[in-house]
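**Student:** Structure provided below as structure tokens; questions to follow.
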4 protein chains.
Amino acid sequence: MADPEIIEAISSYGIQQFVGYGDDQVSNDAKDLIRNAIGMENIDIHFIPGGTHVNLITIDSILTQSYMSVLAVESGHINVHEAGAIEATGHKITYVPSRDGKMIIDEIDNIMELHKDEHMVLPQLVYISQTTELGTVYSRAELKRLRDVCDKWGLYLFVDGARLGSALTSPVSDIDLGELASLADVFYIGATKNGGMLGEALVIVNDTLKKDFRRNIKMRGGLMAKGIVLSIQFKVLFTGSRYLDHAQHANDMAQKLSEGISELGYSFMTPPVSNQIFPVFSDELISKLSGLYGFYVWRTEGDGKSSIRLVTSWATPIDMVEAFLDDLKLYTS
Amino acid sequence: MADPEIIEAISSYGIQQFVGYGDDQVSNDAKDLIRNAIGMENIDIHFIPGGTHVNLITIDSILTQSYMSVLAVESGHINVHEAGAIEATGHKITYVPSRDGKMIIDEIDNIMELHKDEHMVLPQLVYISQTTELGTVYSRAELKRLRDVCDKWGLYLFVDGARLGSALTSPVSDIDLGELASLADVFYIGATKNGGMLGEALVIVNDTLKKDFRRNIKMRGGLMAKGIVLSIQFKVLFTGSRYLDHAQHANDMAQKLSEGISELGYSFMTPPVSNQIFPVFSDELISKLSGLYGFYVWRTEGDGKSSIRLVTSWATPIDMVEAFLDDLKLYTS
Amino acid sequence: MADPEIIEAISSYGIQQFVGYGDDQVSNDAKDLIRNAIGMENIDIHFIPGGTHVNLITIDSILTQSYMSVLAVESGHINVHEAGAIEATGHKITYVPSRDGKMIIDEIDNIMELHKDEHMVLPQLVYISQTTELGTVYSRAELKRLRDVCDKWGLYLFVDGARLGSALTSPVSDIDLGELASLADVFYIGATKNGGMLGEALVIVNDTLKKDFRRNIKMRGGLMAKGIVLSIQFKVLFTGSRYLDHAQHANDMAQKLSEGISELGYSFMTPPVSNQIFPVFSDELISKLSGLYGFYVWRTEGDGKSSIRLVTSWATPIDMVEAFLDDLKLYTS
Amino acid sequence: MADPEIIEAISSYGIQQFVGYGDDQVSNDAKDLIRNAIGMENIDIHFIPGGTHVNLITIDSILTQSYMSVLAVESGHINVHEAGAIEATGHKITYVPSRDGKMIIDEIDNIMELHKDEHMVLPQLVYISQTTELGTVYSRAELKRLRDVCDKWGLYLFVDGARLGSALTSPVSDIDLGELASLADVFYIGATKNGGMLGEALVIVNDTLKKDFRRNIKMRGGLMAKGIVLSIQFKVLFTGSRYLDHAQHANDMAQKLSEGISELGYSFMTPPVSNQIFPVFSDELISKLSGLYGFYVWRTEGDGKSSIRLVTSWATPIDMVEAFLDDLKLYTS
């Protein structure tokens with residue numbers, strides 16, 4: 001369920017009573033630890049139970065007029081897997097073409113040119129995920145270029161970091177938390193998928209977006225009476241390098257898995273660089289594996305083949321990776 | 001501005017006072033004339049000022065849960081040219097692939113299969129335009145197949161008829177108003193683009209969608225205090241064959257235009273079968289024509305060419321068509 | 001239906017074609033006439049079909065965050081008679097106590113004090129009607145005090161002027177159109193209830209509220225393709241003193257009516273100072289009158305009595321007023 | 001922070017991995033325990049992080065048309081303390097007069113009569129809290145009468161049970177969980193305020209409201225990836241009589257407190273029958289107490305007096321109650 005240190009911390013705070021709604025000392029401590037990790041003082045931090053919740057609260061808050069839209073790739077989490085959460089707050093998602101799950105930054109100019117008259121929505125915000133839904137990672141150069149395009153058009157940049165740990169510790173990563181914060185207007189750091197029981201830490205860098213933000217959280221049902229439940233997660237994960245260590249482990253396991261899969265002659269839908277990898281197998285092979293392991297079939301790739309999604313975590317044991325590779329070898333030969 | 005008979009009717013009703021909010025005799029007369037033209041008694045009819053207004057009122061009304069979405073082609077009017085009106089009511093538009101502006105009906109099955117779990121929106125409604133945004137027309141066979149797919153998945157079918165007159169009188173049309181009504185759950189008949197000053201007549205065929213519909217209209221600001229202004233348009237247009245005659249004239253002018261353009265060796269982006277046609281010209285030619293005529297450049301077609309949109313109306317004089325063709329000939333030779 | 005000069009103007013523009021969406025010369029003329037009447041150059045003017053439509057577009061546009069609310073009296077049109085139009089755009093209406101339909105301005109301080117923490121909505125806008133729903137009129141002193149309170153709390157002031165003509169020509173009025181514009185951030189001038197077939201002219205005074213406003217109108221379905229239909233109404237009404245003359249006539253008829261009613265010994269629910277008056281009659285008398293005249297029973301006043309709403313208009317003939325008074329006299333004696 | 005048994009259970013489940021999104025065995029166990037406590041099989045149960053979240057998800061789900069409203073008392077939690085959460089989903093709250101925080105049931109008839117035409121919202125749902133915001137409790141007779149009125153008008157009944165434990169164990173309570181379930185269409189059982197770290201258990205009794213409900217939860221960001229965090233709370237609280245025992249303790253402490261306060265000659269704003277009590281003290285006394293204890297000043301009661309809100313919990317020690325009474329005695333004499 002969660003990092004044993006978090007379980008331990010919950011036990012140790014036990015039945016103590018704390019000030020409600022996140023105004024307690026543990027919450028302040030957790031925020032200070034995150035400020036330290038980022039290396040910025042002048043940022044606002046809010047703890048919110050889950051990722052879809054953060055996305056809808058933040059995007060609706062930034063889109064101050066109902067005719068404003070958010071730019072995202074078609075495979076974006078907000079577009080596909082949130083049951084219409086963004087539209088339910090009254091805003092359109094405008095698609096930007098993508099490659100390997102990453103936004104093709106040069107396309108933004110064309111899209112903005114097409115949205116100049118009043119019959120069109122007005123894009124106001126770029127939403128990306130780091131890592132993306134397809135397990136890929138934006139490089140520092142790409143993020144800088146995206147920042148430049150955002151500045152050119154007056155767009156805000158919001159980075160969904162539900163899987164940020166895996167991006168920061170990816171073998172292809174060339175950016176740290178502080179640099180990310182200097183490029184984004186707002187982003188979040190996910191605990192749910194990296195050792196926590198629940199919780200995402202929203203970091204607001206741009207002053208314009210800070211005012212009265214807690215009213216947005218309250219209005220969407222995200223202001224927890226016992227906010228300390230959320231902040232304990234982050235206090236533990238940001239004490240020492242725990243947050244990055246968990247992510248590194250997940251990435252190492254995925255790396256080992258993808259190397260083994262490659263050696264057996266298989267290819268991948270997208271480059272395997274994070275804790276989500278998408279090998280392409282024959283449908284027959286997939287059918288055999290699915291009896292042994294839990295995974296999603298992602299999409300058909302033609303020629304009787306499909307890509308599947310394998311996800312490792314902070315808790316994935318190396319034995320399980322090796323067992324999978326052994327089985328795969330068996331079915332391959 | 002409008003059909004002289006409509007102007008005349010407005011003058012003749014002059015300064016008489018009428019019961020407000022569309023409960024007057026003229027409104028009842030107009031509805032009876034439309035019921036006659038359709039050949040159905042048990043339908044509800046509402047007059048609403050404009051097309052975007054009808055679309056947002058009707059779609060929000062049918063989508064009873066916020067997680068429900070409407071299926072439409074990417075070029076659909078609700079998706080591109082309504083400034084996010086549908087999303088502003090809280091609902092997503094889910095795209096269905098298209099050809100020549102028409103929905104590829106077989107794709108609906110795949111989309112519905114992909115939307116079965118709770119992380120996805122639930123499509124509940126198919127929205128098409130007749131004619132489409134690209135000037136094409138659904139045949140009777142296509143509409144019947146669409147109806148079958150809708151029935152299979154429990155989807156409602158809503159037909160945007162802002163340009164319905166042009167569809168019904170198109171040379172490729174094989175369906176009349178009554179048949180359309182027997183296939184759709186709800187549709188509308190546009191006056192604004194076919195001789196009226198303003199107004200669309202929404203026809204609700206499916207009983208499930210009728211209840212308390214006027215509250216939806218009122219809530220969205222569409223219930224006019226002087227509803228008679230709207231109903232006069234329809235009383236005139238549906239007396240005799242005036243509505244179809246206007247559309248036929250617009251189509252005839254477009255037909256003459258497209259034949260002349262073809263003869264000069266040009267092709268079209270989509271088949272020219274209604275009052276919107278999309279010839280493909282060189283950008284140089286477009287530049288010359290744009291000094292003389294008002295039209296939109298629709299999209300680039302490669303090789304230094306683009307398609308433009310030419311629209312004829314009930315009021316387009318044949319002289320103007322001929323003048324355009326003369327100019328085109330001049331620039332072509 | 002409407003002022004004969006408007007009918008005449010529509011006839012004279014006849015079947016001419018105009019640029020769409022209100023970018024035509026008649027629309028520009030109408031706006032210039034209104035600017036002249038107000039005596040301000042730097043204002044934006046938009047013509048929108050109806051009052052509920054203007055209210056929902058304008059209020060949603062001003063409330064840039066979903067947790068922001070609009071202050072209004074409980075009897076306000078947006079609260080009672082718009083089927084939840086404001087809430088449907090995602091915003092709460094926060095009530096301010098009232099007297100005779102007018103906001104008790106001193107109560108705003110208390111309300112703002114109570115809305116300081118994040119569990120509460122944040123009022124951002126004051127909405128009043130001039131005349132009010134109960135036919136009363138804010139004086140210049142009251143509006144100035146309201147402006148001061150708005151400035152103190154950073155609130156915008158929006159004046160619903162569906163019945164503004166009647167307010168400006170009321171015997172108790174001490175403010176003209178220019179002064180109103182200098183006190184409000186945004187207001188509108190109603191044609192529908194003062195000689196027009198349809199249409200309200202929204203006047204945006206505060207620069208902050210002007211940007212991209214047409215996108216709001218389009219998104220809510222209020223941008224008419226044939227915008228000229230709306231602007232003709234205002235071009236006619238603001239040529240000379242036509243707008244005020246119509247309102248004066250309505251007020252004169254109401255005045256005559258209320259004097260006659262008073263002479264017969266009846267009292268009023270609120271002071272009769274505009275074209276809506278609310279005499280208090282016995283239920284027996286109301287029953288008799290209701291067979292002869294159309295009116296709403298407004299509320300029960302106790303002792304077997306109720307108030308009814310009588311409304312006069314630019315088209316009310318003096319004969320009708322006299323006939324009513326004769327009948328009332330008959331039933332009274 | 002929470003019941004030690006819950007902390008213990010979290011420790012014991014430790015770092016085990018579970019199926020996500022609440023499809024795990026612990027969640028099923030917790031639901032079975034609740035079904036047992038209610039004595040009904042055919043009910044749907046969903047665990048959602050917090051009360052405001054449950055309210056907005058449930059009410060938006062029931063109000064299938066945007067013009068539909070929810071009936072509530074003015075002091076209702078959804079009206080005052082949720083930052084406009086309900087309106088942000090697009091729906092109006094229509095007020096019903098109240099006495100001691102309880103809806104005056106006979107007023108519903110009048111309100112429904114006034115909402116019959118299309119200019120008005122259509123109330124579709126009654127929302128009450130048990131206990132109310134003022135600490136009072138609806139009796140069985142009152143709830144039955146409310147049920148009858150709901151049936152008469154086709155209204156759903158939704159009971160906010162954030163403080164349901166305190167209501168069920170109140171000295172004035174004459175209803176148990178099963179009877180409540182037989183009267184309400186949907187209600188919830190709060191853990192956050194009764195021993196849990198977080199979590200409310202929504203119980204859907206009426207079949208009409210069950211379909212696809214998880215999509216609503218997902219769309220509003222309430223579907224937790226690690227749903228087990230929520231279900232552990234309820235598994236512990238509904239093993240044996242733990243849930244009611246916690247509530248009973250809170251009530252006992254409040255009872256002791258209110259008796260002591262009464263004996264010193266003070267009165268209460270509303271009858272002190274649950275774990276929220278509202279004694280009326282002089283502002284001078286309140287000022288002294290506020291240096292020693294944390295509480296809200298609820299409202300001014302005139303004559304230099306105000307009511308304050310005192311809340312006890314499952315964890316309130318009797319020493320603290322006695323200390324408060326001692327201090328009060330000191331300041332009183």
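Residue numbering restarts at 1 for every chain of the structure tokens, chains are lettered A, B, ... in their displayed order, and ligands are numbered from 1 as they appear.
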Can you build me a table of chain A residues sitting at most 9 Å from chain D, with the closest atom pair per residue and its distance in Å to one decimal, using only C-alpha atoms, sorted by chain and residue number, as JSON lines?
**Tutor:**
```
{"residue": "A:Met1", "atom": "CA", "partner": "D:Ile15", "partner_atom": "CA", "distance": 4.7}
{"residue": "A:Ala2", "atom": "CA", "partner": "D:Ile15", "partner_atom": "CA", "distance": 5.3}
{"residue": "A:Asp3", "atom": "CA", "partner": "D:Ile15", "partner_atom": "CA", "distance": 6.5}
{"residue": "A:Pro4", "atom": "CA", "partner": "D:Ile15", "partner_atom": "CA", "distance": 6.4}
{"residue": "A:Ile7", "atom": "CA", "partner": "D:Ser11", "partner_atom": "CA", "distance": 5.8}
{"residue": "A:Glu8", "atom": "CA", "partner": "D:Ser11", "partner_atom": "CA", "distance": 7.4}
{"residue": "A:Ile10", "atom": "CA", "partner": "D:Ile7", "partner_atom": "CA", "distance": 6.9}
{"residue": "A:Ser11", "atom": "CA", "partner": "D:Ile7", "partner_atom": "CA", "distance": 5.8}
{"residue": "A:Tyr13", "atom": "CA", "partner": "D:Met1", "partner_atom": "CA", "distance": 7.2}
{"residue": "A:Gly14", "atom": "CA", "partner": "D:Met1", "partner_atom": "CA", "distance": 6.2}
{"residue": "A:Ile15", "atom": "CA", "partner": "D:Met1", "partner_atom": "CA", "distance": 4.8}
{"residue": "A:Gln16", "atom": "CA", "partner": "D:Met1", "partner_atom": "CA", "distance": 5.3}
{"residue": "A:Gln17", "atom": "CA", "partner": "D:Met1", "partner_atom": "CA", "distance": 5.2}
{"residue": "A:Phe18", "atom": "CA", "partner": "D:Met1", "partner_atom": "CA", "distance": 6.8}
{"residue": "A:Pro49", "atom": "CA", "partner": "D:Met224", "partner_atom": "CA", "distance": 7.9}
{"residue": "A:Gly50", "atom": "CA", "partner": "D:Met224", "partner_atom": "CA", "distance": 6.6}
{"residue": "A:Gly51", "atom": "CA", "partner": "D:Gly221", "partner_atom": "CA", "distance": 7.4}
{"residue": "A:Thr52", "atom": "CA", "partner": "D:Gly221", "partner_atom": "CA", "distance": 4.9}
{"residue": "A:His53", "atom": "CA", "partner": "D:Gly221", "partner_atom": "CA", "distance": 4.1}
{"residue": "A:Val54", "atom": "CA", "partner": "D:Gly221", "partner_atom": "CA", "distance": 7.8}
{"residue": "A:Asn55", "atom": "CA", "partner": "D:Gly221", "partner_atom": "CA", "distance": 8.6}
{"residue": "A:Leu56", "atom": "CA", "partner": "D:Gly221", "partner_atom": "CA", "distance": 7.7}
{"residue": "A:Glu82", "atom": "CA", "partner": "D:Met219", "partner_atom": "CA", "distance": 5.7}
{"residue": "A:Ala83", "atom": "CA", "partner": "D:Met219", "partner_atom": "CA", "distance": 4.9}
{"residue": "A:Gly84", "atom": "CA", "partner": "D:Met219", "partner_atom": "CA", "distance": 6.0}
{"residue": "A:Ala85", "atom": "CA", "partner": "D:Met219", "partner_atom": "CA", "distance": 4.5}
{"residue": "A:Ile86", "atom": "CA", "partner": "D:Met219", "partner_atom": "CA", "distance": 8.3}
{"residue": "A:Ala88", "atom": "CA", "partner": "D:Met219", "partner_atom": "CA", "distance": 7.7}
{"residue": "A:Thr89", "atom": "CA", "partner": "D:Thr89", "partner_atom": "CA", "distance": 7.5}
{"residue": "A:Thr192", "atom": "CA", "partner": "D:Ala225", "partner_atom": "CA", "distance": 7.5}
{"residue": "A:Lys193", "atom": "CA", "partner": "D:Ala225", "partner_atom": "CA", "distance": 8.6}
{"residue": "A:Met197", "atom": "CA", "partner": "D:Lys226", "partner_atom": "CA", "distance": 6.5}
{"residue": "A:Leu198", "atom": "CA", "partner": "D:Lys226", "partner_atom": "CA", "distance": 6.9}
{"residue": "A:Arg215", "atom": "CA", "partner": "D:Ala83", "partner_atom": "CA", "distance": 6.4}
{"residue": "A:Asn216", "atom": "CA", "partner": "D:Ala83", "partner_atom": "CA", "distance": 8.0}
{"residue": "A:Lys218", "atom": "CA", "partner": "D:Ala83", "partner_atom": "CA", "distance": 6.4}
{"residue": "A:Met219", "atom": "CA", "partner": "D:Ala85", "partner_atom": "CA", "distance": 4.5}
{"residue": "A:Arg220", "atom": "CA", "partner": "D:Ala85", "partner_atom": "CA", "distance": 6.1}
{"residue": "A:Gly221", "atom": "CA", "partner": "D:His53", "partner_atom": "CA", "distance": 4.1}
{"residue": "A:Gly222", "atom": "CA", "partner": "D:His53", "partner_atom": "CA", "distance": 7.1}
{"residue": "A:Leu223", "atom": "CA", "partner": "D:Gly50", "partner_atom": "CA", "distance": 8.2}
{"residue": "A:Met224", "atom": "CA", "partner": "D:Gly50", "partner_atom": "CA", "distance": 6.6}
{"residue": "A:Ala225", "atom": "CA", "partner": "D:Thr192", "partner_atom": "CA", "distance": 7.5}
{"residue": "A:Lys226", "atom": "CA", "partner": "D:Met197", "partner_atom": "CA", "distance": 6.5}
{"residue": "A:Ile228", "atom": "CA", "partner": "D:Met1", "partner_atom": "CA", "distance": 8.2}
{"residue": "A:Val229", "atom": "CA", "partner": "D:Met197", "partner_atom": "CA", "distance": 6.8}
{"residue": "A:Ala315", "atom": "CA", "partner": "D:Ile15", "partner_atom": "CA", "distance": 8.2}
```
**Student:** Please save C-alpha atoms of the selected residues as an mmCIF file, in the first residue's frame.
**Tutor:**
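Printed below is out-v5.cif as written:
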```cif
data_model
loop_
_atom_site.group_PDB
_atom_site.id
_atom_site.type_symbol
_atom_site.label_atom_id
_atom_site.label_comp_id
_atom_site.auth_asym_id
_atom_site.auth_seq_id
_atom_site.Cartn_x
_atom_site.Cartn_y
_atom_site.Cartn_z
ATOM 1 C CA MET A 1 0.000 0.000 0.000
ATOM 2 C CA ALA A 2 2.676 2.504 0.900
ATOM 3 C CA ASP A 3 6.265 3.173 1.934
ATOM 4 C CA PRO A 4 6.803 1.616 5.416
ATOM 5 C CA ILE A 7 3.034 3.861 7.687
ATOM 6 C CA GLU A 8 5.462 4.331 10.566
ATOM 7 C CA ILE A 10 1.184 7.682 10.649
ATOM 8 C CA SER A 11 1.512 5.341 13.603
ATOM 9 C CA TYR A 13 1.435 10.716 15.034
ATOM 10 C CA GLY A 14 -1.175 8.301 16.302
ATOM 11 C CA ILE A 15 -4.144 9.771 18.005
ATOM 12 C CA GLN A 16 -2.719 13.242 18.431
ATOM 13 C CA GLN A 17 -5.142 16.007 17.428
ATOM 14 C CA PHE A 18 -3.980 18.590 14.886
ATOM 15 C CA PRO A 49 -5.772 13.896 -2.678
ATOM 16 C CA GLY A 50 -5.431 12.743 -6.319
ATOM 17 C CA GLY A 51 -4.200 13.590 -9.801
ATOM 18 C CA THR A 52 -7.494 14.042 -11.645
ATOM 19 C CA HIS A 53 -8.558 16.266 -8.785
ATOM 20 C CA VAL A 54 -5.446 18.449 -9.119
ATOM 21 C CA ASN A 55 -5.869 18.662 -12.876
ATOM 22 C CA LEU A 56 -9.457 19.855 -12.802
ATOM 23 C CA GLU A 82 -10.582 11.531 -16.539
ATOM 24 C CA ALA A 83 -14.178 10.912 -17.642
ATOM 25 C CA GLY A 84 -14.552 14.455 -18.959
ATOM 26 C CA ALA A 85 -13.341 16.159 -15.765
ATOM 27 C CA ILE A 86 -12.003 19.249 -17.543
ATOM 28 C CA ALA A 88 -17.241 19.297 -16.697
ATOM 29 C CA THR A 89 -15.643 22.494 -15.368
ATOM 30 C CA THR A 192 0.259 8.267 -5.001
ATOM 31 C CA LYS A 193 2.316 6.532 -7.678
ATOM 32 C CA MET A 197 -0.968 6.198 0.088
ATOM 33 C CA LEU A 198 -2.467 9.255 -1.585
ATOM 34 C CA ARG A 215 -11.120 28.505 -2.377
ATOM 35 C CA ASN A 216 -10.757 26.521 -5.603
ATOM 36 C CA LYS A 218 -12.486 23.786 -1.177
ATOM 37 C CA MET A 219 -15.070 24.356 -3.916
ATOM 38 C CA ARG A 220 -14.058 21.140 -5.670
ATOM 39 C CA GLY A 221 -14.119 19.093 -2.477
ATOM 40 C CA GLY A 222 -10.336 18.742 -2.197
ATOM 41 C CA LEU A 223 -9.680 20.561 1.078
ATOM 42 C CA MET A 224 -9.298 17.733 3.577
ATOM 43 C CA ALA A 225 -10.439 18.360 7.143
ATOM 44 C CA LYS A 226 -7.496 16.259 8.318
ATOM 45 C CA ILE A 228 -2.168 16.163 7.910
ATOM 46 C CA VAL A 229 -2.958 12.790 6.304
ATOM 47 C CA ALA A 315 7.867 -1.778 -4.568
#
```
**Student:** Could you write out, as a short mmCIF file (atom, residue, chain, number, x, y, z; two decimals) with all heavy atoms, in the first residue's frame, all the residues of range 207-281 of chain B that DSSP marks as strand (DSSP E)?
**Tutor:**
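Written out: part.cif:
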```
data_model
loop_
_atom_site.label_atom_id
_atom_site.label_comp_id
_atom_site.auth_asym_id
_atom_site.auth_seq_id
_atom_site.Cartn_x
_atom_site.Cartn_y
_atom_site.Cartn_z
N GLN B 276 -22.76 25.32 -50.48
CA GLN B 276 -21.38 25.60 -50.11
C GLN B 276 -20.48 24.74 -51.00
O GLN B 276 -20.56 23.51 -50.94
CB GLN B 276 -21.09 25.19 -48.67
CG GLN B 276 -21.82 25.97 -47.61
CD GLN B 276 -21.41 25.51 -46.21
OE1 GLN B 276 -20.47 25.99 -45.63
NE2 GLN B 276 -22.14 24.54 -45.68
N ILE B 277 -19.60 25.37 -51.78
CA ILE B 277 -18.68 24.60 -52.61
C ILE B 277 -17.25 25.04 -52.32
O ILE B 277 -17.01 26.17 -51.88
CB ILE B 277 -19.01 24.72 -54.11
CG1 ILE B 277 -18.87 26.18 -54.58
CG2 ILE B 277 -20.42 24.21 -54.39
CD1 ILE B 277 -19.07 26.35 -56.08
N VAL B 280 -10.57 24.26 -55.54
CA VAL B 280 -9.15 24.35 -55.21
C VAL B 280 -8.47 25.22 -56.27
O VAL B 280 -8.51 24.90 -57.46
CB VAL B 280 -8.52 22.94 -55.19
CG1 VAL B 280 -7.01 23.04 -54.89
CG2 VAL B 280 -9.21 22.08 -54.14
N PHE B 281 -7.88 26.32 -55.82
CA PHE B 281 -7.21 27.26 -56.72
C PHE B 281 -5.76 27.45 -56.28
O PHE B 281 -5.41 27.17 -55.13
CB PHE B 281 -7.91 28.63 -56.70
CG PHE B 281 -9.32 28.64 -57.24
CD1 PHE B 281 -10.28 29.49 -56.69
CD2 PHE B 281 -9.70 27.81 -58.30
CE1 PHE B 281 -11.58 29.53 -57.19
CE2 PHE B 281 -11.01 27.84 -58.81
CZ PHE B 281 -11.94 28.70 -58.25
#
```
**Student:** If we count only C-alpha atoms and set the cut-off at 7 Å, which residues sit around Ser166 in chain A, ignoring sequence neighbours fewer than 6 positions away in its own chain? Please answer as a list in words.
**Tutor:**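 The contact residues come out as Thr131, Ala247, Gln248, Asn251, Ser274 and Asn275 of chain A.
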**Student:** When you draw a straight line from CA of Phe324 in chain A to CA of Leu257 in chain A, how long is it in Å?
**Tutor:**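 Atom-to-atom, CA of Phe324 in chain A and CA of Leu257 in chain A are spaced 8.2 Å apart.
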**Student:** Can you check which residues of range 33-155 of chain A DSSP gives as alpha helix (DSSP H) on the backbone and send them as a ChimeraX atom specification?
**Tutor:** /A:33-38,51-62,77-80,85-88,107-114,140-153
**Student:** Would you mind listing what lies within 10 Å of Leu310 in chain D as a PDB file with N, CA and C atoms, in the first residue's frame, with only C-alpha atoms counted and same-chain residues fewer than 5 positions away left out?
**Tutor:**
```
ATOM      1  N   ALA D 254     -20.585  16.061  25.241  1.00  0.00           N
ATOM      2  CA  ALA D 254     -21.371  17.270  24.952  1.00  0.00           C
ATOM      3  C   ALA D 254     -22.505  17.415  25.967  1.00  0.00           C
ATOM      4  N   LEU D 257     -21.180  18.628  29.189  1.00  0.00           N
ATOM      5  CA  LEU D 257     -20.838  20.029  28.997  1.00  0.00           C
ATOM      6  C   LEU D 257     -22.102  20.894  29.054  1.00  0.00           C
ATOM      7  N   SER D 258     -23.127  20.490  28.361  1.00  0.00           N
ATOM      8  CA  SER D 258     -24.328  21.333  28.286  1.00  0.00           C
ATOM      9  C   SER D 258     -25.058  21.349  29.633  1.00  0.00           C
ATOM     10  N   ASN D 275     -23.280  16.395  19.412  1.00  0.00           N
ATOM     11  CA  ASN D 275     -21.911  16.777  19.792  1.00  0.00           C
ATOM     12  C   ASN D 275     -21.541  18.204  19.388  1.00  0.00           C
ATOM     13  N   GLN D 276     -22.512  18.934  18.820  1.00  0.00           N
ATOM     14  CA  GLN D 276     -22.328  20.369  18.596  1.00  0.00           C
ATOM     15  C   GLN D 276     -23.345  21.099  19.469  1.00  0.00           C
ATOM     16  N   ILE D 277     -22.853  21.947  20.361  1.00  0.00           N
ATOM     17  CA  ILE D 277     -23.792  22.706  21.188  1.00  0.00           C
ATOM     18  C   ILE D 277     -23.448  24.188  21.080  1.00  0.00           C
ATOM     19  N   PHE D 278     -24.477  25.036  21.266  1.00  0.00           N
ATOM     20  CA  PHE D 278     -24.337  26.469  20.992  1.00  0.00           C
ATOM     21  C   PHE D 278     -24.788  27.311  22.179  1.00  0.00           C
ATOM     22  N   PRO D 279     -24.000  27.344  23.273  1.00  0.00           N
ATOM     23  CA  PRO D 279     -24.389  28.173  24.418  1.00  0.00           C
ATOM     24  C   PRO D 279     -24.322  29.663  24.072  1.00  0.00           C
ATOM     25  N   TYR D 293      -9.672  28.355  24.929  1.00  0.00           N
ATOM     26  CA  TYR D 293     -10.232  27.258  24.118  1.00  0.00           C
ATOM     27  C   TYR D 293     -10.466  27.721  22.682  1.00  0.00           C
ATOM     28  N   GLY D 294     -10.414  26.773  21.785  1.00  0.00           N
ATOM     29  CA  GLY D 294     -10.676  27.082  20.384  1.00  0.00           C
ATOM     30  C   GLY D 294     -12.126  26.826  20.031  1.00  0.00           C
ATOM     31  N   PHE D 295     -12.840  27.844  19.537  1.00  0.00           N
ATOM     32  CA  PHE D 295     -14.241  27.654  19.123  1.00  0.00           C
ATOM     33  C   PHE D 295     -14.605  28.806  18.194  1.00  0.00           C
ATOM     34  N   TYR D 296     -15.699  28.622  17.455  1.00  0.00           N
ATOM     35  CA  TYR D 296     -16.212  29.696  16.607  1.00  0.00           C
ATOM     36  C   TYR D 296     -17.283  30.487  17.340  1.00  0.00           C
ATOM     37  N   VAL D 297     -17.271  31.811  17.190  1.00  0.00           N
ATOM     38  CA  VAL D 297     -18.425  32.608  17.580  1.00  0.00           C
ATOM     39  C   VAL D 297     -19.425  32.469  16.450  1.00  0.00           C
ATOM     40  N   TRP D 298     -20.626  31.945  16.755  1.00  0.00           N
ATOM     41  CA  TRP D 298     -21.560  31.588  15.684  1.00  0.00           C
ATOM     42  C   TRP D 298     -22.335  32.778  15.172  1.00  0.00           C
TER      43      TRP D 298
END
```
**Student:** Give me, as a ChimeraX atom specification, all polymer residues having an atom no more than 10 Å from Leu164 in chain C, counting only C-alpha atoms and skipping those fewer than 3 positions away in the same chain.
**Tutor:** /C:129-132,137,159-161,167-170,177,187-191,193-194,243-244,247
**Student:** So how far away is CA of Asp117 in chain C from CA of Asp23 in chain A, in Å?
**Tutor:**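 Spanning CA of Asp23 in chain A to CA of Asp117 in chain C is a straight-line distance of 13.3 Å.
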